[in-house]
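**Q** Once you've had a glance at the structure underneath, I'll fire off some questions.
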Amino acid sequence: MSLWPSKKARLVLAALLRIGWRIKRQVKGSHRLLERPGWPDCTFAFHDGEEIGPRMMVRIARRTGLTPDDL
């Protein structure tokens with residue numbers, strides 16, 4: 001079983017903002033470009049009500065430094 005549960009995109013975005021990510025700009029629709037000092041920019045392309053599964057959560061964590069405890 002994965003350490004990462006499925007979560008709604010709005011909860012994941014809120015967790016990213018809490019750990020220091022900032023919305024640099026909203027590119028188009030649900031596409032948001034996030035920035036954080038010391039990290040490359042990251043595109044967050046999920047609608048707020050969309051469910052993000054465990055495999056995608058792992059990918060997001062690698063790119064952003066998010067941990068299961070941050071959720």
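Residue numbering restarts at 1 for every chain of the structure tokens, chains are lettered A, B, ... in their displayed order, and ligands are numbered from 1 as they appear.
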Within 10 Å of Pro54 in chain A, counting only C-alpha atoms, which residues qualify if same-chain residues fewer than 3 places away don't, as a ChimeraX atom specification?
**A** /A:1-7,51,57-60
**Q** Could those selected residues go to a file with all heavy atoms, as an mmCIF file, in the first residue's frame?
**A**
data_model
loop_
_atom_site.group_PDB
_atom_site.id
_atom_site.type_symbol
_atom_site.label_atom_id
_atom_site.label_comp_id
_atom_site.auth_asym_id
_atom_site.auth_seq_id
_atom_site.Cartn_x
_atom_site.Cartn_y
_atom_site.Cartn_z
ATOM 1 N N MET A 1 0.831 -1.183 0.000
ATOM 2 C CA MET A 1 0.000 0.000 0.000
ATOM 3 C C MET A 1 0.878 1.249 0.000
ATOM 4 O O MET A 1 1.917 1.297 0.642
ATOM 5 C CB MET A 1 -0.914 -0.008 1.219
ATOM 6 C CG MET A 1 -1.912 1.112 1.209
ATOM 7 S SD MET A 1 -3.115 0.826 2.525
ATOM 8 C CE MET A 1 -3.891 2.388 2.508
ATOM 9 N N SER A 2 0.460 2.256 -0.708
ATOM 10 C CA SER A 2 1.219 3.495 -0.854
ATOM 11 C C SER A 2 1.094 4.375 0.391
ATOM 12 O O SER A 2 0.078 4.356 1.089
ATOM 13 C CB SER A 2 0.704 4.251 -2.079
ATOM 14 O OG SER A 2 1.329 5.498 -2.174
ATOM 15 N N LEU A 3 2.119 5.166 0.636
ATOM 16 C CA LEU A 3 2.060 6.158 1.707
ATOM 17 C C LEU A 3 1.151 7.316 1.330
ATOM 18 O O LEU A 3 0.707 8.077 2.178
ATOM 19 C CB LEU A 3 3.457 6.728 1.985
ATOM 20 C CG LEU A 3 4.482 5.780 2.567
ATOM 21 C CD1 LEU A 3 5.836 6.466 2.629
ATOM 22 C CD2 LEU A 3 4.052 5.318 3.942
ATOM 23 N N TRP A 4 0.911 7.446 0.034
ATOM 24 C CA TRP A 4 0.144 8.580 -0.477
ATOM 25 C C TRP A 4 -1.310 8.204 -0.699
ATOM 26 O O TRP A 4 -1.616 7.346 -1.502
ATOM 27 C CB TRP A 4 0.740 9.058 -1.800
ATOM 28 C CG TRP A 4 2.075 9.658 -1.605
ATOM 29 C CD1 TRP A 4 3.277 9.055 -1.790
ATOM 30 C CD2 TRP A 4 2.352 10.982 -1.180
ATOM 31 N NE1 TRP A 4 4.280 9.923 -1.495
ATOM 32 C CE2 TRP A 4 3.740 11.116 -1.124
ATOM 33 C CE3 TRP A 4 1.543 12.072 -0.832
ATOM 34 C CZ2 TRP A 4 4.355 12.305 -0.735
ATOM 35 C CZ3 TRP A 4 2.153 13.244 -0.445
ATOM 36 C CH2 TRP A 4 3.533 13.359 -0.396
ATOM 37 N N PRO A 5 -2.230 8.872 -0.016
ATOM 38 C CA PRO A 5 -3.653 8.640 -0.269
ATOM 39 C C PRO A 5 -4.120 9.474 -1.454
ATOM 40 O O PRO A 5 -3.440 10.411 -1.874
ATOM 41 C CB PRO A 5 -4.312 9.137 1.021
ATOM 42 C CG PRO A 5 -3.399 10.235 1.482
ATOM 43 C CD PRO A 5 -2.002 9.785 1.097
ATOM 44 N N SER A 6 -5.277 9.144 -1.983
ATOM 45 C CA SER A 6 -5.898 9.999 -3.002
ATOM 46 C C SER A 6 -6.416 11.251 -2.303
ATOM 47 O O SER A 6 -6.929 11.179 -1.190
ATOM 48 C CB SER A 6 -7.070 9.273 -3.663
ATOM 49 O OG SER A 6 -6.608 8.173 -4.376
ATOM 50 N N LYS A 7 -6.257 12.396 -2.954
ATOM 51 C CA LYS A 7 -6.705 13.667 -2.379
ATOM 52 C C LYS A 7 -7.307 14.534 -3.462
ATOM 53 O O LYS A 7 -6.962 14.414 -4.636
ATOM 54 C CB LYS A 7 -5.525 14.437 -1.761
ATOM 55 C CG LYS A 7 -4.985 13.843 -0.493
ATOM 56 C CD LYS A 7 -5.955 14.053 0.641
ATOM 57 C CE LYS A 7 -5.392 13.511 1.927
ATOM 58 N NZ LYS A 7 -6.275 13.668 3.031
ATOM 59 N N GLU A 51 -9.879 14.424 -8.338
ATOM 60 C CA GLU A 51 -9.206 13.523 -7.407
ATOM 61 C C GLU A 51 -7.826 13.177 -7.979
ATOM 62 O O GLU A 51 -7.700 12.779 -9.133
ATOM 63 C CB GLU A 51 -10.033 12.246 -7.243
ATOM 64 C CG GLU A 51 -9.594 11.351 -6.133
ATOM 65 C CD GLU A 51 -10.062 11.818 -4.766
ATOM 66 O OE1 GLU A 51 -11.008 12.605 -4.683
ATOM 67 O OE2 GLU A 51 -9.458 11.382 -3.786
ATOM 68 N N MET A 57 0.386 11.584 -6.955
ATOM 69 C CA MET A 57 0.852 12.259 -5.748
ATOM 70 C C MET A 57 2.361 12.058 -5.568
ATOM 71 O O MET A 57 3.063 12.975 -5.165
ATOM 72 C CB MET A 57 0.095 11.739 -4.518
ATOM 73 C CG MET A 57 -1.362 12.122 -4.465
ATOM 74 S SD MET A 57 -1.614 13.893 -4.273
ATOM 75 C CE MET A 57 -0.952 14.137 -2.650
ATOM 76 N N VAL A 58 2.850 10.863 -5.882
ATOM 77 C CA VAL A 58 4.289 10.597 -5.791
ATOM 78 C C VAL A 58 5.050 11.489 -6.765
ATOM 79 O O VAL A 58 6.082 12.073 -6.421
ATOM 80 C CB VAL A 58 4.590 9.099 -6.055
ATOM 81 C CG1 VAL A 58 6.080 8.857 -6.213
ATOM 82 C CG2 VAL A 58 4.017 8.248 -4.947
ATOM 83 N N ARG A 59 4.536 11.636 -7.970
ATOM 84 C CA ARG A 59 5.190 12.490 -8.970
ATOM 85 C C ARG A 59 5.208 13.948 -8.517
ATOM 86 O O ARG A 59 6.212 14.643 -8.675
ATOM 87 C CB ARG A 59 4.488 12.381 -10.314
ATOM 88 C CG ARG A 59 4.645 11.032 -10.946
ATOM 89 C CD ARG A 59 3.881 10.962 -12.244
ATOM 90 N NE ARG A 59 3.856 9.585 -12.725
ATOM 91 C CZ ARG A 59 2.993 9.129 -13.586
ATOM 92 N NH1 ARG A 59 2.066 9.925 -14.092
ATOM 93 N NH2 ARG A 59 3.035 7.877 -13.977
ATOM 94 N N ILE A 60 4.096 14.413 -7.975
ATOM 95 C CA ILE A 60 4.023 15.790 -7.474
ATOM 96 C C ILE A 60 5.014 15.976 -6.323
ATOM 97 O O ILE A 60 5.707 16.990 -6.246
ATOM 98 C CB ILE A 60 2.577 16.125 -7.028
ATOM 99 C CG1 ILE A 60 1.658 16.190 -8.244
ATOM 100 C CG2 ILE A 60 2.540 17.434 -6.250
ATOM 101 C CD1 ILE A 60 0.179 16.272 -7.902
#
**Q** If you count only C-alpha atoms, which residues fall within 8 Å of Cys42 in chain A, apart from same-chain ones fewer than 6 positions away, as a short mmCIF file (atom, residue, chain, number, x, y, z; two decimals) with all heavy atoms, in the first residue's frame?
**A**
data_model
loop_
_atom_site.label_atom_id
_atom_site.label_comp_id
_atom_site.auth_asym_id
_atom_site.auth_seq_id
_atom_site.Cartn_x
_atom_site.Cartn_y
_atom_site.Cartn_z
N LEU A 33 1.03 27.97 -12.67
CA LEU A 33 2.48 27.86 -12.61
C LEU A 33 2.89 28.26 -11.20
O LEU A 33 2.60 29.37 -10.75
CB LEU A 33 3.14 28.77 -13.65
CG LEU A 33 4.64 28.63 -13.79
CD1 LEU A 33 5.00 27.22 -14.25
CD2 LEU A 33 5.18 29.65 -14.77
N LEU A 34 3.55 27.32 -10.49
CA LEU A 34 3.95 27.55 -9.11
C LEU A 34 5.44 27.81 -9.05
O LEU A 34 6.21 27.24 -9.82
CB LEU A 34 3.61 26.33 -8.25
CG LEU A 34 2.16 25.86 -8.24
CD1 LEU A 34 2.03 24.58 -7.43
CD2 LEU A 34 1.25 26.93 -7.70
N GLU A 35 5.85 28.66 -8.09
CA GLU A 35 7.28 28.93 -7.91
C GLU A 35 7.62 28.85 -6.43
O GLU A 35 6.78 29.11 -5.57
CB GLU A 35 7.66 30.29 -8.46
CG GLU A 35 7.06 31.46 -7.72
CD GLU A 35 7.51 32.80 -8.27
OE1 GLU A 35 8.37 32.84 -9.16
OE2 GLU A 35 7.00 33.82 -7.78
N ARG A 63 8.61 16.49 -7.42
CA ARG A 63 8.87 17.79 -8.04
C ARG A 63 8.77 18.96 -7.06
O ARG A 63 9.29 20.02 -7.32
CB ARG A 63 7.88 18.03 -9.17
CG ARG A 63 8.08 17.12 -10.33
CD ARG A 63 7.12 17.43 -11.45
NE ARG A 63 7.24 16.42 -12.49
CZ ARG A 63 6.23 15.88 -13.12
NH1 ARG A 63 5.01 16.26 -12.84
NH2 ARG A 63 6.43 14.97 -14.04
N THR A 64 8.06 18.77 -5.94
CA THR A 64 7.74 19.90 -5.06
C THR A 64 8.27 19.77 -3.64
O THR A 64 8.25 20.74 -2.90
CB THR A 64 6.22 20.11 -4.98
OG1 THR A 64 5.62 18.96 -4.40
CG2 THR A 64 5.63 20.40 -6.35
#
**Q** As a ChimeraX atom specification, please: the residues near Trp21 in chain A (cut-off 12 Å, only C-alpha atoms, same-chain neighbours under 6 positions excluded).
**A** /A:12-15,32-44,63-66
**Q** Now that the selection is made, can you save its residues with N, CA and C atoms as an mmCIF file, in the first residue's frame?
**A**
data_model
loop_
_atom_site.group_PDB
_atom_site.id
_atom_site.type_symbol
_atom_site.label_atom_id
_atom_site.label_comp_id
_atom_site.auth_asym_id
_atom_site.auth_seq_id
_atom_site.Cartn_x
_atom_site.Cartn_y
_atom_site.Cartn_z
ATOM 1 N N VAL A 12 -4.445 19.491 -2.178
ATOM 2 C CA VAL A 12 -3.025 19.378 -2.529
ATOM 3 C C VAL A 12 -2.442 20.762 -2.792
ATOM 4 N N LEU A 13 -3.169 21.592 -3.532
ATOM 5 C CA LEU A 13 -2.708 22.955 -3.805
ATOM 6 C C LEU A 13 -2.570 23.740 -2.503
ATOM 7 N N ALA A 14 -3.510 23.609 -1.596
ATOM 8 C CA ALA A 14 -3.441 24.299 -0.310
ATOM 9 C C ALA A 14 -2.203 23.856 0.476
ATOM 10 N N ALA A 15 -1.889 22.562 0.440
ATOM 11 C CA ALA A 15 -0.704 22.049 1.125
ATOM 12 C C ALA A 15 0.567 22.609 0.501
ATOM 13 N N ARG A 32 -1.885 26.170 -13.364
ATOM 14 C CA ARG A 32 -1.240 27.187 -12.529
ATOM 15 C C ARG A 32 0.253 26.926 -12.528
ATOM 16 N N LEU A 33 1.030 27.973 -12.673
ATOM 17 C CA LEU A 33 2.480 27.863 -12.607
ATOM 18 C C LEU A 33 2.889 28.262 -11.198
ATOM 19 N N LEU A 34 3.545 27.324 -10.488
ATOM 20 C CA LEU A 34 3.946 27.552 -9.108
ATOM 21 C C LEU A 34 5.444 27.806 -9.046
ATOM 22 N N GLU A 35 5.848 28.658 -8.090
ATOM 23 C CA GLU A 35 7.276 28.926 -7.907
ATOM 24 C C GLU A 35 7.616 28.851 -6.428
ATOM 25 N N ARG A 36 8.880 28.481 -6.154
ATOM 26 C CA ARG A 36 9.402 28.439 -4.794
ATOM 27 C C ARG A 36 10.906 28.632 -4.899
ATOM 28 N N PRO A 37 11.471 29.497 -4.069
ATOM 29 C CA PRO A 37 12.926 29.707 -4.130
ATOM 30 C C PRO A 37 13.687 28.397 -3.937
ATOM 31 N N GLY A 38 14.671 28.172 -4.789
ATOM 32 C CA GLY A 38 15.489 26.972 -4.710
ATOM 33 C C GLY A 38 14.938 25.773 -5.451
ATOM 34 N N TRP A 39 13.773 25.908 -6.059
ATOM 35 C CA TRP A 39 13.134 24.820 -6.792
ATOM 36 C C TRP A 39 12.800 25.301 -8.198
ATOM 37 N N PRO A 40 12.829 24.395 -9.191
ATOM 38 C CA PRO A 40 12.352 24.796 -10.528
ATOM 39 C C PRO A 40 10.838 25.004 -10.494
ATOM 40 N N ASP A 41 10.344 25.890 -11.351
ATOM 41 C CA ASP A 41 8.895 26.135 -11.427
ATOM 42 C C ASP A 41 8.164 24.828 -11.740
ATOM 43 N N CYS A 42 6.942 24.727 -11.259
ATOM 44 C CA CYS A 42 6.154 23.508 -11.409
ATOM 45 C C CYS A 42 4.766 23.881 -11.911
ATOM 46 N N THR A 43 4.267 23.165 -12.895
ATOM 47 C CA THR A 43 2.912 23.384 -13.395
ATOM 48 C C THR A 43 1.949 22.475 -12.643
ATOM 49 N N PHE A 44 0.909 23.065 -12.085
ATOM 50 C CA PHE A 44 -0.137 22.316 -11.388
ATOM 51 C C PHE A 44 -1.377 22.416 -12.255
ATOM 52 N N ARG A 63 8.608 16.489 -7.421
ATOM 53 C CA ARG A 63 8.866 17.794 -8.035
ATOM 54 C C ARG A 63 8.767 18.958 -7.056
ATOM 55 N N THR A 64 8.057 18.765 -5.939
ATOM 56 C CA THR A 64 7.744 19.897 -5.064
ATOM 57 C C THR A 64 8.266 19.766 -3.642
ATOM 58 N N GLY A 65 8.678 18.580 -3.215
ATOM 59 C CA GLY A 65 9.111 18.391 -1.846
ATOM 60 C C GLY A 65 7.967 18.160 -0.874
ATOM 61 N N LEU A 66 6.778 17.909 -1.379
ATOM 62 C CA LEU A 66 5.609 17.645 -0.548
ATOM 63 C C LEU A 66 5.780 16.294 0.149
#
**Q** Would you work out the distance separating CA of Leu71 in chain A from CA of Arg10 in chain A, expressed in Å to one decimal?
**A**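 Interatomic distance here is 10.9 Å.
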**Q** Please identify which residues in chain A DSSP calls helix (DSSP H, G or I) from the backbone, and express them as a list of chain:residue names.
**A** A:Ala9, A:Arg10, A:Leu11, A:Val12, A:Leu13, A:Ala14, A:Ala15, A:Leu16, A:Leu17, A:Arg18, A:Pro54, A:Arg55, A:Met56, A:Met57, A:Val58, A:Arg59, A:Ile60, A:Ala61, A:Arg62, A:Arg63, A:Thr64, A:Pro68, A:Asp69, A:Asp70
**Q** Can you write just those residues out, C-alpha atoms, as a tab-separated table (two decimals), in the first residue's frame?
**A**
chain	number	residue	atom	x	y	z
A	9	ALA	CA	-6.63	18.83	-6.03
A	10	ARG	CA	-7.71	21.86	-3.96
A	11	LEU	CA	-6.32	20.19	-0.81
A	12	VAL	CA	-3.02	19.38	-2.53
A	13	LEU	CA	-2.71	22.96	-3.80
A	14	ALA	CA	-3.44	24.30	-0.31
A	15	ALA	CA	-0.70	22.05	1.12
A	16	LEU	CA	1.77	23.27	-1.51
A	17	LEU	CA	0.98	26.88	-0.65
A	18	ARG	CA	1.52	26.12	3.08
A	54	PRO	CA	-1.45	7.93	-5.27
A	55	ARG	CA	0.81	7.52	-8.32
A	56	MET	CA	0.36	11.15	-9.36
A	57	MET	CA	0.85	12.26	-5.75
A	58	VAL	CA	4.29	10.60	-5.79
A	59	ARG	CA	5.19	12.49	-8.97
A	60	ILE	CA	4.02	15.79	-7.47
A	61	ALA	CA	6.01	15.06	-4.29
A	62	ARG	CA	9.23	14.49	-6.22
A	63	ARG	CA	8.87	17.79	-8.04
A	64	THR	CA	7.74	19.90	-5.06
A	68	PRO	CA	2.40	12.93	3.35
A	69	ASP	CA	2.57	14.85	6.64
A	70	ASP	CA	2.02	18.15	4.78
**Q** What is the distance, in Å and to one decimal place, between CA of Ala45 in chain A and CA of Ile23 in chain A?
**A**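 Here the two named atoms are 12.1 Å from each other.
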**Q** Based on DSSP run over this structure's backbone, return all residues of chain A in strand (DSSP E), as an mmCIF file with N, CA, C and O atoms, in the first residue's frame.
**A**
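The resulting result-v4.cif:
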data_model
loop_
_atom_site.group_PDB
_atom_site.id
_atom_site.type_symbol
_atom_site.label_atom_id
_atom_site.label_comp_id
_atom_site.auth_asym_id
_atom_site.auth_seq_id
_atom_site.Cartn_x
_atom_site.Cartn_y
_atom_site.Cartn_z
ATOM 1 N N LYS A 7 -6.257 12.396 -2.954
ATOM 2 C CA LYS A 7 -6.705 13.667 -2.379
ATOM 3 C C LYS A 7 -7.307 14.534 -3.462
ATOM 4 O O LYS A 7 -6.962 14.414 -4.636
ATOM 5 N N LYS A 8 -8.188 15.432 -3.066
ATOM 6 C CA LYS A 8 -8.739 16.426 -3.980
ATOM 7 C C LYS A 8 -7.638 17.428 -4.326
ATOM 8 O O LYS A 8 -6.798 17.772 -3.487
ATOM 9 N N ARG A 22 4.196 29.349 -4.288
ATOM 10 C CA ARG A 22 3.386 30.519 -4.577
ATOM 11 C C ARG A 22 2.904 30.415 -6.018
ATOM 12 O O ARG A 22 3.628 29.926 -6.888
ATOM 13 N N ILE A 23 1.682 30.871 -6.271
ATOM 14 C CA ILE A 23 1.170 30.863 -7.646
ATOM 15 C C ILE A 23 1.812 32.028 -8.383
ATOM 16 O O ILE A 23 1.580 33.188 -8.048
ATOM 17 N N LYS A 24 2.651 31.701 -9.341
ATOM 18 C CA LYS A 24 3.341 32.709 -10.146
ATOM 19 C C LYS A 24 2.367 33.315 -11.148
ATOM 20 O O LYS A 24 2.308 34.523 -11.313
ATOM 21 N N ARG A 25 1.606 32.443 -11.809
ATOM 22 C CA ARG A 25 0.549 32.900 -12.712
ATOM 23 C C ARG A 25 -0.358 31.729 -13.038
ATOM 24 O O ARG A 25 0.021 30.574 -12.926
ATOM 25 N N GLN A 26 -1.574 32.076 -13.418
ATOM 26 C CA GLN A 26 -2.507 31.054 -13.873
ATOM 27 C C GLN A 26 -2.455 31.091 -15.383
ATOM 28 O O GLN A 26 -2.874 32.060 -16.008
ATOM 29 N N VAL A 27 -1.877 30.051 -15.960
ATOM 30 C CA VAL A 27 -1.586 30.024 -17.385
ATOM 31 C C VAL A 27 -2.873 29.994 -18.202
ATOM 32 O O VAL A 27 -3.129 30.881 -18.992
ATOM 33 N N LYS A 28 -3.706 28.982 -17.998
ATOM 34 C CA LYS A 28 -4.943 28.873 -18.756
ATOM 35 C C LYS A 28 -5.869 27.912 -18.019
ATOM 36 O O LYS A 28 -5.476 26.795 -17.706
ATOM 37 N N HIS A 31 -4.623 25.440 -15.251
ATOM 38 C CA HIS A 31 -3.164 25.360 -15.246
ATOM 39 C C HIS A 31 -2.580 26.515 -14.445
ATOM 40 O O HIS A 31 -2.757 27.674 -14.799
ATOM 41 N N ARG A 32 -1.885 26.170 -13.364
ATOM 42 C CA ARG A 32 -1.240 27.187 -12.529
ATOM 43 C C ARG A 32 0.253 26.926 -12.528
ATOM 44 O O ARG A 32 0.691 25.786 -12.364
ATOM 45 N N LEU A 33 1.030 27.973 -12.673
ATOM 46 C CA LEU A 33 2.480 27.863 -12.607
ATOM 47 C C LEU A 33 2.889 28.262 -11.198
ATOM 48 O O LEU A 33 2.604 29.371 -10.752
ATOM 49 N N LEU A 34 3.545 27.324 -10.488
ATOM 50 C CA LEU A 34 3.946 27.552 -9.108
ATOM 51 C C LEU A 34 5.444 27.806 -9.046
ATOM 52 O O LEU A 34 6.208 27.241 -9.824
ATOM 53 N N GLU A 35 5.848 28.658 -8.090
ATOM 54 C CA GLU A 35 7.276 28.926 -7.907
ATOM 55 C C GLU A 35 7.616 28.851 -6.428
ATOM 56 O O GLU A 35 6.776 29.110 -5.565
ATOM 57 N N ARG A 36 8.880 28.481 -6.154
ATOM 58 C CA ARG A 36 9.402 28.439 -4.794
ATOM 59 C C ARG A 36 10.906 28.632 -4.899
ATOM 60 O O ARG A 36 11.559 28.005 -5.739
ATOM 61 N N TRP A 39 13.773 25.908 -6.059
ATOM 62 C CA TRP A 39 13.134 24.820 -6.792
ATOM 63 C C TRP A 39 12.800 25.301 -8.198
ATOM 64 O O TRP A 39 12.484 26.467 -8.387
ATOM 65 N N PRO A 40 12.829 24.395 -9.191
ATOM 66 C CA PRO A 40 12.352 24.796 -10.528
ATOM 67 C C PRO A 40 10.838 25.004 -10.494
ATOM 68 O O PRO A 40 10.132 24.390 -9.680
ATOM 69 N N ASP A 41 10.344 25.890 -11.351
ATOM 70 C CA ASP A 41 8.895 26.135 -11.427
ATOM 71 C C ASP A 41 8.164 24.828 -11.740
ATOM 72 O O ASP A 41 8.692 23.950 -12.411
ATOM 73 N N CYS A 42 6.942 24.727 -11.259
ATOM 74 C CA CYS A 42 6.154 23.508 -11.409
ATOM 75 C C CYS A 42 4.766 23.881 -11.911
ATOM 76 O O CYS A 42 4.151 24.820 -11.402
ATOM 77 N N THR A 43 4.267 23.165 -12.895
ATOM 78 C CA THR A 43 2.912 23.384 -13.395
ATOM 79 C C THR A 43 1.949 22.475 -12.643
ATOM 80 O O THR A 43 2.163 21.266 -12.568
ATOM 81 N N PHE A 44 0.909 23.065 -12.085
ATOM 82 C CA PHE A 44 -0.137 22.316 -11.388
ATOM 83 C C PHE A 44 -1.377 22.416 -12.255
ATOM 84 O O PHE A 44 -1.999 23.472 -12.344
ATOM 85 N N ALA A 45 -1.734 21.328 -12.935
ATOM 86 C CA ALA A 45 -2.778 21.368 -13.962
ATOM 87 C C ALA A 45 -3.967 20.484 -13.611
ATOM 88 O O ALA A 45 -4.314 19.556 -14.338
ATOM 89 N N GLU A 51 -9.879 14.424 -8.338
ATOM 90 C CA GLU A 51 -9.206 13.523 -7.407
ATOM 91 C C GLU A 51 -7.826 13.177 -7.979
ATOM 92 O O GLU A 51 -7.700 12.779 -9.133
ATOM 93 N N ILE A 52 -6.782 13.346 -7.159
ATOM 94 C CA ILE A 52 -5.420 13.005 -7.575
ATOM 95 C C ILE A 52 -5.060 11.698 -6.883
ATOM 96 O O ILE A 52 -5.088 11.608 -5.659
#
